[in-house]
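Asker: This one is entry-v5.cif, mmCIF, C-alpha atoms.
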```
data_protein
loop_
_atom_site.group_PDB
_atom_site.id
_atom_site.type_symbol
_atom_site.label_atom_id
_atom_site.label_comp_id
_atom_site.auth_asym_id
_atom_site.auth_seq_id
_atom_site.Cartn_x
_atom_site.Cartn_y
_atom_site.Cartn_z
ATOM 1 C CA MET A 1 299.832 56.422 -95.161
ATOM 2 C CA LEU A 2 296.479 57.911 -94.172
ATOM 3 C CA LEU A 3 296.643 60.280 -97.135
ATOM 4 C CA VAL A 4 297.257 57.376 -99.530
ATOM 5 C CA LEU A 5 294.260 55.468 -98.139
ATOM 6 C CA ARG A 6 292.073 58.517 -98.510
ATOM 7 C CA LYS A 7 293.190 58.955 -102.113
ATOM 8 C CA ARG A 8 292.438 55.288 -102.814
ATOM 9 C CA ALA A 9 289.010 55.634 -101.169
ATOM 10 C CA TRP A 10 288.218 58.700 -103.265
ATOM 11 C CA ALA A 11 289.383 56.892 -106.403
ATOM 12 C CA ALA A 12 287.111 53.956 -105.602
ATOM 13 C CA LEU A 13 284.171 56.304 -105.001
ATOM 14 C CA LEU A 14 284.803 58.058 -108.315
ATOM 15 C CA ILE A 15 284.832 54.720 -110.142
ATOM 16 C CA LEU A 16 281.551 53.683 -108.477
ATOM 17 C CA ALA A 17 279.995 57.071 -109.282
ATOM 18 C CA ALA A 18 281.029 56.785 -112.923
ATOM 19 C CA ALA A 19 279.565 53.284 -113.140
ATOM 20 C CA TYR A 20 276.330 54.490 -111.567
ATOM 21 C CA LEU A 21 276.027 57.453 -113.930
ATOM 22 C CA ALA A 22 276.565 55.132 -116.889
ATOM 23 C CA SER A 23 273.908 52.661 -115.705
ATOM 24 C CA PRO A 24 270.236 52.603 -116.830
ATOM 25 C CA ALA A 25 269.163 53.321 -113.249
ATOM 26 C CA ALA A 26 270.885 56.707 -113.411
ATOM 27 C CA GLY A 27 268.520 58.162 -115.962
ATOM 28 C CA GLN A 28 269.845 56.432 -119.089
ATOM 29 C CA ALA A 29 267.215 53.695 -119.104
ATOM 30 C CA GLU A 30 266.554 51.855 -122.354
ATOM 31 C CA SER A 31 263.179 52.817 -123.740
ATOM 32 C CA LEU A 32 260.760 51.297 -126.209
ATOM 33 C CA THR A 33 257.709 52.893 -127.811
ATOM 34 C CA ILE A 34 254.862 50.730 -129.146
ATOM 35 C CA GLY A 35 251.664 51.814 -130.895
ATOM 36 C CA GLY A 36 249.150 50.973 -133.589
ATOM 37 C CA THR A 37 245.786 49.230 -133.777
ATOM 38 C CA GLY A 38 243.626 49.874 -130.731
ATOM 39 C CA VAL A 39 242.404 46.287 -130.442
ATOM 40 C CA ALA A 40 245.900 45.042 -129.539
ATOM 41 C CA LEU A 41 246.780 47.690 -126.951
ATOM 42 C CA GLY A 42 245.230 46.175 -123.809
ATOM 43 C CA THR A 43 247.118 42.914 -124.177
ATOM 44 C CA MET A 44 250.326 44.698 -125.165
ATOM 45 C CA ARG A 45 250.212 46.845 -122.010
ATOM 46 C CA ALA A 46 250.005 43.693 -119.891
ATOM 47 C CA LEU A 47 252.966 42.182 -121.756
ATOM 48 C CA ALA A 48 254.982 45.388 -121.441
ATOM 49 C CA GLU A 49 254.309 45.612 -117.709
ATOM 50 C CA ARG A 50 255.527 42.068 -117.130
ATOM 51 C CA PHE A 51 258.601 42.570 -119.325
ATOM 52 C CA VAL A 52 259.618 45.724 -117.446
ATOM 53 C CA GLU A 53 259.264 43.888 -114.119
ATOM 54 C CA GLN A 54 261.912 41.461 -115.344
ATOM 55 C CA SER A 55 264.141 44.071 -117.024
ATOM 56 C CA PRO A 56 265.550 46.623 -114.563
ATOM 57 C CA GLY A 57 266.218 49.917 -116.314
ATOM 58 C CA ALA A 58 263.888 49.218 -119.256
ATOM 59 C CA ARG A 59 260.949 51.498 -119.982
ATOM 60 C CA ILE A 60 258.105 50.797 -122.419
ATOM 61 C CA GLU A 61 255.471 53.295 -123.516
ATOM 62 C CA VAL A 62 252.339 51.927 -125.203
ATOM 63 C CA LEU A 63 250.625 54.816 -126.975
ATOM 64 C CA PRO A 64 246.863 55.355 -127.396
ATOM 65 C CA SER A 65 245.294 54.006 -130.583
ATOM 66 C CA LEU A 66 246.904 55.114 -133.844
ATOM 67 C CA GLY A 67 245.207 52.527 -136.039
ATOM 68 C CA SER A 68 247.140 49.963 -138.074
ATOM 69 C CA GLY A 69 248.094 52.375 -140.844
ATOM 70 C CA GLY A 70 248.939 55.175 -138.412
ATOM 71 C CA GLY A 71 251.186 52.884 -136.405
ATOM 72 C CA ILE A 72 253.044 51.692 -139.494
ATOM 73 C CA ARG A 73 253.560 55.271 -140.722
ATOM 74 C CA ALA A 74 254.877 56.257 -137.281
ATOM 75 C CA LEU A 75 257.298 53.303 -137.323
ATOM 76 C CA LEU A 76 258.597 54.212 -140.786
ATOM 77 C CA GLY A 77 258.985 57.811 -139.608
ATOM 78 C CA GLY A 78 261.157 56.701 -136.694
ATOM 79 C CA ASP A 79 258.589 57.542 -133.989
ATOM 80 C CA LEU A 80 257.864 53.937 -132.941
ATOM 81 C CA ASP A 81 260.049 50.934 -132.229
ATOM 82 C CA ILE A 82 257.236 48.410 -132.767
ATOM 83 C CA ALA A 83 253.962 48.966 -134.611
ATOM 84 C CA LEU A 84 250.921 46.782 -133.991
ATOM 85 C CA SER A 85 248.735 46.041 -136.989
ATOM 86 C CA ALA A 86 245.512 44.156 -137.640
ATOM 87 C CA ARG A 87 246.525 43.632 -141.268
ATOM 88 C CA PRO A 88 249.646 42.490 -143.117
ATOM 89 C CA LEU A 89 251.957 45.084 -144.627
ATOM 90 C CA LYS A 90 251.280 46.586 -148.025
ATOM 91 C CA THR A 91 253.911 46.379 -150.756
ATOM 92 C CA GLY A 92 254.975 50.006 -150.360
ATOM 93 C CA GLU A 93 255.386 49.591 -146.594
ATOM 94 C CA ARG A 94 257.696 46.616 -147.094
ATOM 95 C CA GLU A 95 259.641 48.495 -149.746
ATOM 96 C CA ALA A 96 260.101 51.317 -147.226
ATOM 97 C CA GLY A 97 261.934 48.921 -144.912
ATOM 98 C CA ALA A 98 259.270 47.494 -142.579
ATOM 99 C CA SER A 99 258.801 43.790 -141.866
ATOM 100 C CA GLU A 100 256.109 41.972 -139.942
ATOM 101 C CA PHE A 101 255.221 38.680 -138.349
ATOM 102 C CA ALA A 102 251.856 37.412 -137.109
ATOM 103 C CA TYR A 103 252.035 36.832 -133.370
ATOM 104 C CA ALA A 104 248.403 36.140 -132.381
ATOM 105 C CA GLN A 105 244.801 35.775 -133.451
ATOM 106 C CA THR A 106 241.660 36.522 -131.480
ATOM 107 C CA PRO A 107 237.957 35.896 -132.162
ATOM 108 C CA PHE A 108 236.245 38.807 -133.890
ATOM 109 C CA VAL A 109 232.984 39.132 -132.000
ATOM 110 C CA LEU A 110 229.632 40.826 -131.772
ATOM 111 C CA VAL A 111 229.192 42.443 -128.367
ATOM 112 C CA THR A 112 226.409 44.075 -126.413
ATOM 113 C CA SER A 113 225.916 45.853 -123.113
ATOM 114 C CA ARG A 114 223.087 43.416 -122.309
ATOM 115 C CA ARG A 115 224.035 41.081 -119.486
ATOM 116 C CA ASP A 116 221.585 38.360 -120.598
ATOM 117 C CA ALA A 117 222.627 37.772 -124.187
ATOM 118 C CA GLY A 118 220.640 34.568 -124.545
ATOM 119 C CA ALA A 119 221.597 32.238 -127.384
ATOM 120 C CA GLY A 120 223.414 34.940 -129.347
ATOM 121 C CA LEU A 121 222.728 35.777 -132.984
ATOM 122 C CA THR A 122 222.716 34.032 -136.341
ATOM 123 C CA ARG A 123 223.964 35.382 -139.654
ATOM 124 C CA ALA A 124 220.339 35.728 -140.736
ATOM 125 C CA ASP A 125 219.653 37.810 -137.607
ATOM 126 C CA LEU A 126 222.521 40.123 -138.471
ATOM 127 C CA LEU A 127 221.319 40.696 -142.024
ATOM 128 C CA GLU A 128 217.918 41.706 -140.644
ATOM 129 C CA ILE A 129 219.435 43.940 -137.957
ATOM 130 C CA TYR A 130 221.764 45.787 -140.323
ATOM 131 C CA ALA A 131 218.927 46.182 -142.826
ATOM 132 C CA GLY A 132 216.705 47.717 -140.139
ATOM 133 C CA GLU A 133 214.152 44.922 -140.447
ATOM 134 C CA ARG A 134 214.735 43.807 -136.854
ATOM 135 C CA ILE A 135 214.999 46.650 -134.368
ATOM 136 C CA SER A 136 214.643 45.073 -130.921
ATOM 137 C CA TRP A 137 215.968 42.269 -128.730
ATOM 138 C CA PRO A 138 213.582 39.441 -127.721
ATOM 139 C CA ASP A 139 212.526 41.364 -124.590
ATOM 140 C CA ALA A 140 211.578 44.401 -126.743
ATOM 141 C CA THR A 141 214.662 46.430 -125.742
ATOM 142 C CA PRO A 142 215.669 48.500 -128.804
ATOM 143 C CA ILE A 143 218.819 47.358 -130.600
ATOM 144 C CA ARG A 144 221.274 50.274 -130.560
ATOM 145 C CA LEU A 145 223.516 49.491 -133.512
ATOM 146 C CA ILE A 146 226.967 51.124 -133.589
ATOM 147 C CA LEU A 147 228.754 51.301 -136.932
ATOM 148 C CA ARG A 148 232.464 51.298 -137.807
ATOM 149 C CA PRO A 149 234.062 53.021 -140.805
ATOM 150 C CA GLU A 150 234.089 50.988 -144.015
ATOM 151 C CA SER A 151 237.901 51.219 -143.916
ATOM 152 C CA ASP A 152 237.997 49.467 -140.524
ATOM 153 C CA SER A 153 239.655 46.045 -140.718
ATOM 154 C CA GLY A 154 236.988 44.516 -138.489
ATOM 155 C CA TRP A 155 234.145 45.719 -140.688
ATOM 156 C CA LYS A 156 235.933 44.220 -143.701
ATOM 157 C CA ILE A 157 236.169 40.877 -141.861
ATOM 158 C CA LEU A 158 232.443 40.895 -141.113
ATOM 159 C CA VAL A 159 231.467 41.802 -144.687
ATOM 160 C CA ALA A 160 233.803 39.166 -146.148
ATOM 161 C CA HIS A 161 232.181 36.400 -144.087
ATOM 162 C CA MET A 162 228.590 37.557 -144.473
ATOM 163 C CA PRO A 163 227.567 38.115 -148.094
ATOM 164 C CA GLY A 164 224.815 40.696 -148.355
ATOM 165 C CA LEU A 165 225.702 42.501 -145.141
ATOM 166 C CA ALA A 166 226.928 45.670 -146.861
ATOM 167 C CA ASP A 167 223.750 45.741 -148.977
ATOM 168 C CA SER A 168 221.646 45.262 -145.845
ATOM 169 C CA LEU A 169 223.302 48.253 -144.228
ATOM 170 C CA ALA A 170 222.794 50.356 -147.369
ATOM 171 C CA ARG A 171 219.061 49.601 -147.246
ATOM 172 C CA SER A 172 218.860 50.802 -143.641
ATOM 173 C CA LYS A 173 220.086 54.366 -144.281
ATOM 174 C CA HIS A 174 216.518 55.666 -144.150
ATOM 175 C CA ARG A 175 216.427 54.894 -140.403
ATOM 176 C CA GLY A 176 218.312 58.069 -139.656
ATOM 177 C CA ARG A 177 221.818 58.645 -138.435
ATOM 178 C CA LEU A 178 223.398 55.664 -136.672
ATOM 179 C CA PRO A 179 226.341 56.291 -134.323
ATOM 180 C CA LEU A 180 229.736 55.817 -135.992
ATOM 181 C CA ALA A 181 232.768 54.985 -133.814
ATOM 182 C CA TYR A 182 236.126 55.734 -135.418
ATOM 183 C CA THR A 183 238.474 54.094 -132.896
ATOM 184 C CA ASP A 184 238.259 50.749 -131.121
ATOM 185 C CA GLN A 185 238.239 52.350 -127.683
ATOM 186 C CA GLU A 186 235.550 54.862 -128.682
ATOM 187 C CA ASN A 187 233.498 51.971 -130.034
ATOM 188 C CA MET A 188 233.692 49.976 -126.786
ATOM 189 C CA ASP A 189 233.102 53.087 -124.643
ATOM 190 C CA LEU A 190 229.909 53.832 -126.543
ATOM 191 C CA ALA A 191 228.751 50.202 -126.466
ATOM 192 C CA GLU A 192 229.117 50.150 -122.680
ATOM 193 C CA THR A 193 226.977 53.258 -122.222
ATOM 194 C CA LEU A 194 224.105 52.424 -124.600
ATOM 195 C CA ASP A 195 221.408 50.096 -123.281
ATOM 196 C CA GLY A 196 220.812 47.360 -125.859
ATOM 197 C CA SER A 197 223.966 48.200 -127.825
ATOM 198 C CA LEU A 198 225.284 45.992 -130.607
ATOM 199 C CA THR A 199 228.671 46.370 -132.264
ATOM 200 C CA THR A 200 231.783 44.436 -133.228
ATOM 201 C CA ALA A 201 235.049 44.082 -131.307
ATOM 202 C CA ALA A 202 238.139 41.957 -130.887
ATOM 203 C CA PHE A 203 237.610 39.422 -128.111
ATOM 204 C CA SER A 204 241.072 40.060 -126.636
ATOM 205 C CA ALA A 205 240.367 43.801 -126.359
ATOM 206 C CA VAL A 206 237.201 43.094 -124.360
ATOM 207 C CA VAL A 207 239.109 40.716 -122.069
ATOM 208 C CA ALA A 208 242.328 42.713 -121.647
ATOM 209 C CA GLU A 209 240.561 46.018 -121.001
ATOM 210 C CA GLY A 210 238.018 44.470 -118.608
ATOM 211 C CA ARG A 211 235.099 45.781 -120.647
ATOM 212 C CA SER A 212 231.507 45.460 -119.399
ATOM 213 C CA LEU A 213 230.441 43.912 -122.690
ATOM 214 C CA GLN A 214 229.015 40.503 -123.452
ATOM 215 C CA PRO A 215 230.449 38.636 -126.490
ATOM 216 C CA LEU A 216 227.676 36.904 -128.432
ATOM 217 C CA ALA A 217 227.638 33.411 -129.858
ATOM 218 C CA LEU A 218 227.369 33.317 -133.653
ATOM 219 C CA ASP A 219 225.197 30.583 -135.166
ATOM 220 C CA GLY A 220 225.293 28.835 -131.792
ATOM 221 C CA VAL A 221 229.113 28.835 -131.469
ATOM 222 C CA ALA A 222 230.678 30.747 -128.579
ATOM 223 C CA PRO A 223 233.572 33.076 -129.529
ATOM 224 C CA THR A 224 236.281 31.454 -127.416
ATOM 225 C CA VAL A 225 239.979 30.941 -128.089
ATOM 226 C CA ASP A 226 239.455 27.169 -128.039
ATOM 227 C CA ASN A 227 236.666 27.393 -130.628
ATOM 228 C CA LEU A 228 238.847 29.621 -132.783
ATOM 229 C CA SER A 229 241.700 27.136 -132.483
ATOM 230 C CA ASN A 230 239.558 24.130 -133.460
ATOM 231 C CA GLY A 231 237.984 26.004 -136.370
ATOM 232 C CA SER A 232 234.385 26.003 -135.145
ATOM 233 C CA TYR A 233 234.268 29.783 -134.651
ATOM 234 C CA PRO A 234 234.777 31.432 -138.060
ATOM 235 C CA LEU A 235 235.660 35.093 -137.428
ATOM 236 C CA SER A 236 239.100 36.234 -136.298
ATOM 237 C CA VAL A 237 241.527 39.145 -136.263
ATOM 238 C CA THR A 238 245.226 38.495 -136.814
ATOM 239 C CA PHE A 239 247.723 40.721 -135.023
ATOM 240 C CA TYR A 240 251.089 41.595 -136.565
ATOM 241 C CA ALA A 241 254.190 43.044 -134.930
ATOM 242 C CA VAL A 242 255.790 45.422 -137.430
ATOM 243 C CA LEU A 243 259.503 46.110 -137.087
ATOM 244 C CA PRO A 244 261.944 48.562 -138.692
ATOM 245 C CA SER A 245 264.784 47.363 -140.911
ATOM 246 C CA ASP A 246 267.289 47.565 -138.028
ATOM 247 C CA PRO A 247 265.505 46.989 -134.685
ATOM 248 C CA GLY A 248 267.377 47.932 -131.521
ATOM 249 C CA GLY A 249 268.531 45.593 -128.806
ATOM 250 C CA LEU A 250 265.611 46.251 -126.480
ATOM 251 C CA THR A 251 263.178 45.697 -129.348
ATOM 252 C CA LYS A 252 264.722 42.304 -130.054
ATOM 253 C CA ARG A 253 264.575 41.383 -126.359
ATOM 254 C CA PHE A 254 260.911 42.318 -126.145
ATOM 255 C CA ILE A 255 260.067 40.297 -129.263
ATOM 256 C CA ARG A 256 261.817 37.288 -127.721
ATOM 257 C CA PHE A 257 259.688 37.775 -124.611
ATOM 258 C CA LEU A 258 256.507 38.176 -126.679
ATOM 259 C CA THR A 259 257.127 34.829 -128.355
ATOM 260 C CA SER A 260 258.452 33.026 -125.269
ATOM 261 C CA ALA A 261 256.495 30.501 -123.213
ATOM 262 C CA GLU A 262 255.658 33.208 -120.667
ATOM 263 C CA GLY A 263 254.712 35.732 -123.329
ATOM 264 C CA THR A 264 252.449 33.343 -125.224
ATOM 265 C CA GLY A 265 250.878 32.319 -121.914
ATOM 266 C CA LEU A 266 250.001 35.959 -121.255
ATOM 267 C CA LEU A 267 248.603 36.281 -124.765
ATOM 268 C CA ARG A 268 246.285 33.334 -124.215
ATOM 269 C CA ARG A 269 245.142 34.567 -120.797
ATOM 270 C CA HIS A 270 244.098 37.819 -122.451
ATOM 271 C CA GLY A 271 241.967 36.139 -125.107
ATOM 272 C CA ASN A 272 244.526 35.523 -127.853
ATOM 273 C CA LEU A 273 245.607 32.434 -129.761
ATOM 274 C CA PRO A 274 249.439 32.696 -129.964
ATOM 275 C CA LEU A 275 250.933 32.086 -133.407
ATOM 276 C CA ALA A 276 254.694 32.719 -133.082
ATOM 277 C CA LEU A 277 257.391 30.809 -131.188
ATOM 278 C CA ALA A 278 260.630 32.278 -129.889
ATOM 279 C CA GLU A 279 262.766 29.888 -131.933
ATOM 280 C CA GLY A 280 261.476 31.494 -135.117
ATOM 281 C CA HIS A 281 262.518 35.000 -134.170
#
```
Could you write out this file's structure as structure tokens?

Answerer:
Amino acid sequence: MLLVLRKRAWAALLILAAAYLASPAAGQAESLTIGGTGVALGTMRALAERFVEQSPGARIEVLPSLGSGGGIRALLGGDLDIALSARPLKTGEREAGASEFAYAQTPFVLVTSRRDAGAGLTRADLLEIYAGERISWPDATPIRLILRPESDSGWKILVAHMPGLADSLARSKHRGRLPLAYTDQENMDLAETLDGSLTTAAFSAVVAEGRSLQPLALDGVAPTVDNLSNGSYPLSVTFYAVLPSDPGGLTKRFIRFLTSAEGTGLLRRHGNLPLALAEGH
């Protein structure tokens, strides 16, 4: 009788061990890799952290900035589960099997390291600054302009809303070499270190990354989520989640969280205007 009980006990232990080894907690955790445009990463890390807290066994890695195009290429190559983009997909990217949906917008802002930003800037001010005709702040501190590549989506937004801005910048080339920041994080790092800096950024990136940068009002309108929502602030970046043709189960669960009431609440708290609802995805 004792031998039978021992055999039953061992059998039960073997069953429990097999169940444990097959569980996510035993080293077979579901994993998700996200990457793409740098301006969306700070918020996405906060979302991923909260999702993992609620999903035992899940693991999410948010990569450093790849840019929108780099993230989409990595997704199509099978190296990402979700790509983050600050632009919609191109025809060839859709034909390759990717799909996207817009999940949030954020104000596209001018930022400075100056703590007393005053009344902000006007479009006329910006034309003069980029042309090199205005080189200092009202207190005589030099304006340290930081440029972005012409291929940058943010620069394209600024040029599209401010006719003459590209020509103003072309006229300022005689001023000597201006610093050029290639990634969003490099841009904000440099802006924080330069006294009197002036550059562009996504409002949500400044908020989510806790940057020591002051967003500036444009033509007297503060760059807030509420002002973006009511249409009074004109500049914005739209964020897209790009998915493969056959997303995995964890990917689908994370997208449902991203577009849930809790997910959209986190988006808003990090400076975003949510656009997607869970029912649509």

Asker: Quick one: apply the PyMOL selection byres ((chain A and resi 157) around 12) to the file and drop the selected residues here as a PyMOL selection string.

Answerer: chain A and resi 86-87+107-109+148+150-156+158-163+165-166+200-202+234-238

Asker: List as a list in words the protein and nucleic acid residues near Tyr240 of chain A, meaning an atom at most 9 Å away when all atoms listed in the file are counted, but skip any in the same chain fewer than 4 places from it.

Answerer: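 After dropping sequence-adjacent residues, the list is Ala83, Leu84, Ser85, Ala86, Arg87, Pro88, Leu89, Glu100, Phe101, Ala102, Tyr103 and Ala104 of chain A.
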
Asker: Have a look at A:Val242, A:Ile135, A:Gly196, A:Ala276 and name the one nearest to Arg256 of chain A; count all atoms listed in the file.

Answerer: A:Ala276

Asker: Please, what is the axis-aligned box for every listed atom of segment 156-165 of chain A with 3 Å on each side, as centre and edge lengths in Å to one decimal, as JSON?

Answerer:
```
{"center_x": 230.5, "center_y": 40.3, "center_z": -144.7, "size_x": 17.4, "size_y": 13.8, "size_z": 13.2}
```

Asker: As a ChimeraX atom specification, please: the residues near segment 91-93 of chain A (cut-off 9 Å, only C-alpha atoms, same-chain neighbours under 3 positions excluded).

Answerer: /A:72-73,76,96-99

Asker: Which is closest to Ala131 of chain A among A:Gly164, A:Gly35, A:Gly231, A:Gly69, if we use all atoms listed in the file?

Answerer: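 Counting all atoms listed in the file, the residue closest to Ala131 of chain A is A:Gly164.
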
Asker: Of the candidates A:Ala124, A:Ile34, A:Ile143, A:Ala241, which one gets nearest to Leu80 of chain A if we count all atoms listed in the file?

Answerer: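 Checking each candidate against Leu80 of chain A, we get A:Ile34 as the closest.
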
Asker: At what distance in Å, to one decimal, does atom CA of Gln214 of chain A lie from atom CA of Tyr182 of chain A?

Answerer: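 Going from atom CA of Tyr182 of chain A over to atom CA of Gln214 of chain A, I get 20.6 Å.
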
Asker: Please write the residues picked by the PyMOL selection byres ((chain A and resi 194) around 12) on this file as a ChimeraX atom specification.

Answerer: /A:111-114,141-146,179,187-193,195-199,212-213

Asker: Can you tell me how far atom CA of Gly220 of chain A sits from atom CA of Ser168 of chain A, in Å to one decimal?

Answerer: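 A separation of 21.9 Å between them.
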
Asker: Taking 3 positions as the minimum chain separation for residues in the same chain, which residues sit within 7 Å of Ala58 of chain A when counting only C-alpha atoms? Answer as an MDAnalysis selection string.

Answerer: chainID A and resid 29:31 52 55

Asker: In Å, rounded to a single decimal, give me how far atom CA of Val225 of chain A is from atom CA of Gly265 of chain A.

Answerer: 12.6 Å

Asker: Run the PyMOL selection byres ((chain A and resi 205) around 10) against the file shown and list the residues it catches, as a VMD selection string.

Answerer: chain A and resid 38 to 43 106 108 184 to 185 188 201 to 204 206 to 211 270 to 272

Asker: Of the candidates A:Gln105, A:Pro215, A:Ala181, A:Glu186, which shows the shortest atom-to-atom distance to Leu273 of chain A, using all atoms listed in the file?

Answerer: A:Gln105

Asker: Can you work out which one of A:Lys90, A:Ala48, A:Gly57, A:Phe239 has the shortest atom-to-atom distance to Gly36 of chain A, counting only C-alpha atoms?

Answerer: A:Phe239

Asker: The residues within 12 Å of (254.6, 42.0, -122.7), using only C-alpha atoms and the coordinates of the file, should be reported as JSON, numbers by chain; which are they?

Answerer: {"A": [32, 34, 40, 41, 42, 43, 44, 45, 46, 47, 48, 49, 50, 51, 52, 53, 54, 55, 59, 60, 61, 62, 251, 253, 254, 255, 256, 257, 258, 259, 260, 261, 262, 263, 264, 265, 266, 267, 270]}

Asker: Please list as a ChimeraX atom specification every residue within 12 Å of Thr122 of chain A, counting only C-alpha atoms and excluding residues in the same chain fewer than 5 positions away.

Answerer: /A:110,127-129,162,216-222

Asker: Pick out the residues sitting within 8 Å of Asp81 of chain A, and hand them over as a VMD selection string; count all atoms listed in the file, and ignore anything fewer than 3 positions along from it in its own chain.

Answerer: chain A and resid 32 to 34 75 78 243 to 244 247 to 248 251

Asker: Limited to C-alpha atoms, could you put the picked residues into a file as a PDB file, in the frame of the given file?

Answerer:
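Written output follows (result_27.pdb):
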```pdb
ATOM      1  CA  LEU A  32     260.760  51.297-126.209  1.00  0.00           C
ATOM      2  CA  THR A  33     257.709  52.893-127.811  1.00  0.00           C
ATOM      3  CA  ILE A  34     254.862  50.730-129.146  1.00  0.00           C
ATOM      4  CA  LEU A  75     257.298  53.303-137.323  1.00  0.00           C
ATOM      5  CA  GLY A  78     261.157  56.701-136.694  1.00  0.00           C
ATOM      6  CA  LEU A 243     259.503  46.110-137.087  1.00  0.00           C
ATOM      7  CA  PRO A 244     261.944  48.562-138.692  1.00  0.00           C
ATOM      8  CA  PRO A 247     265.505  46.989-134.685  1.00  0.00           C
ATOM      9  CA  GLY A 248     267.377  47.932-131.521  1.00  0.00           C
ATOM     10  CA  THR A 251     263.178  45.697-129.348  1.00  0.00           C
TER      11      THR A 251
END
```

Asker: May I ask which of the residues A:Tyr233, A:Pro56, A:Gly120, A:Thr37 is the closest one to Ser68 of chain A, counting only C-alpha atoms?

Answerer: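 Looking at the shortest contact to Ser68 of chain A, the residue is A:Thr37.
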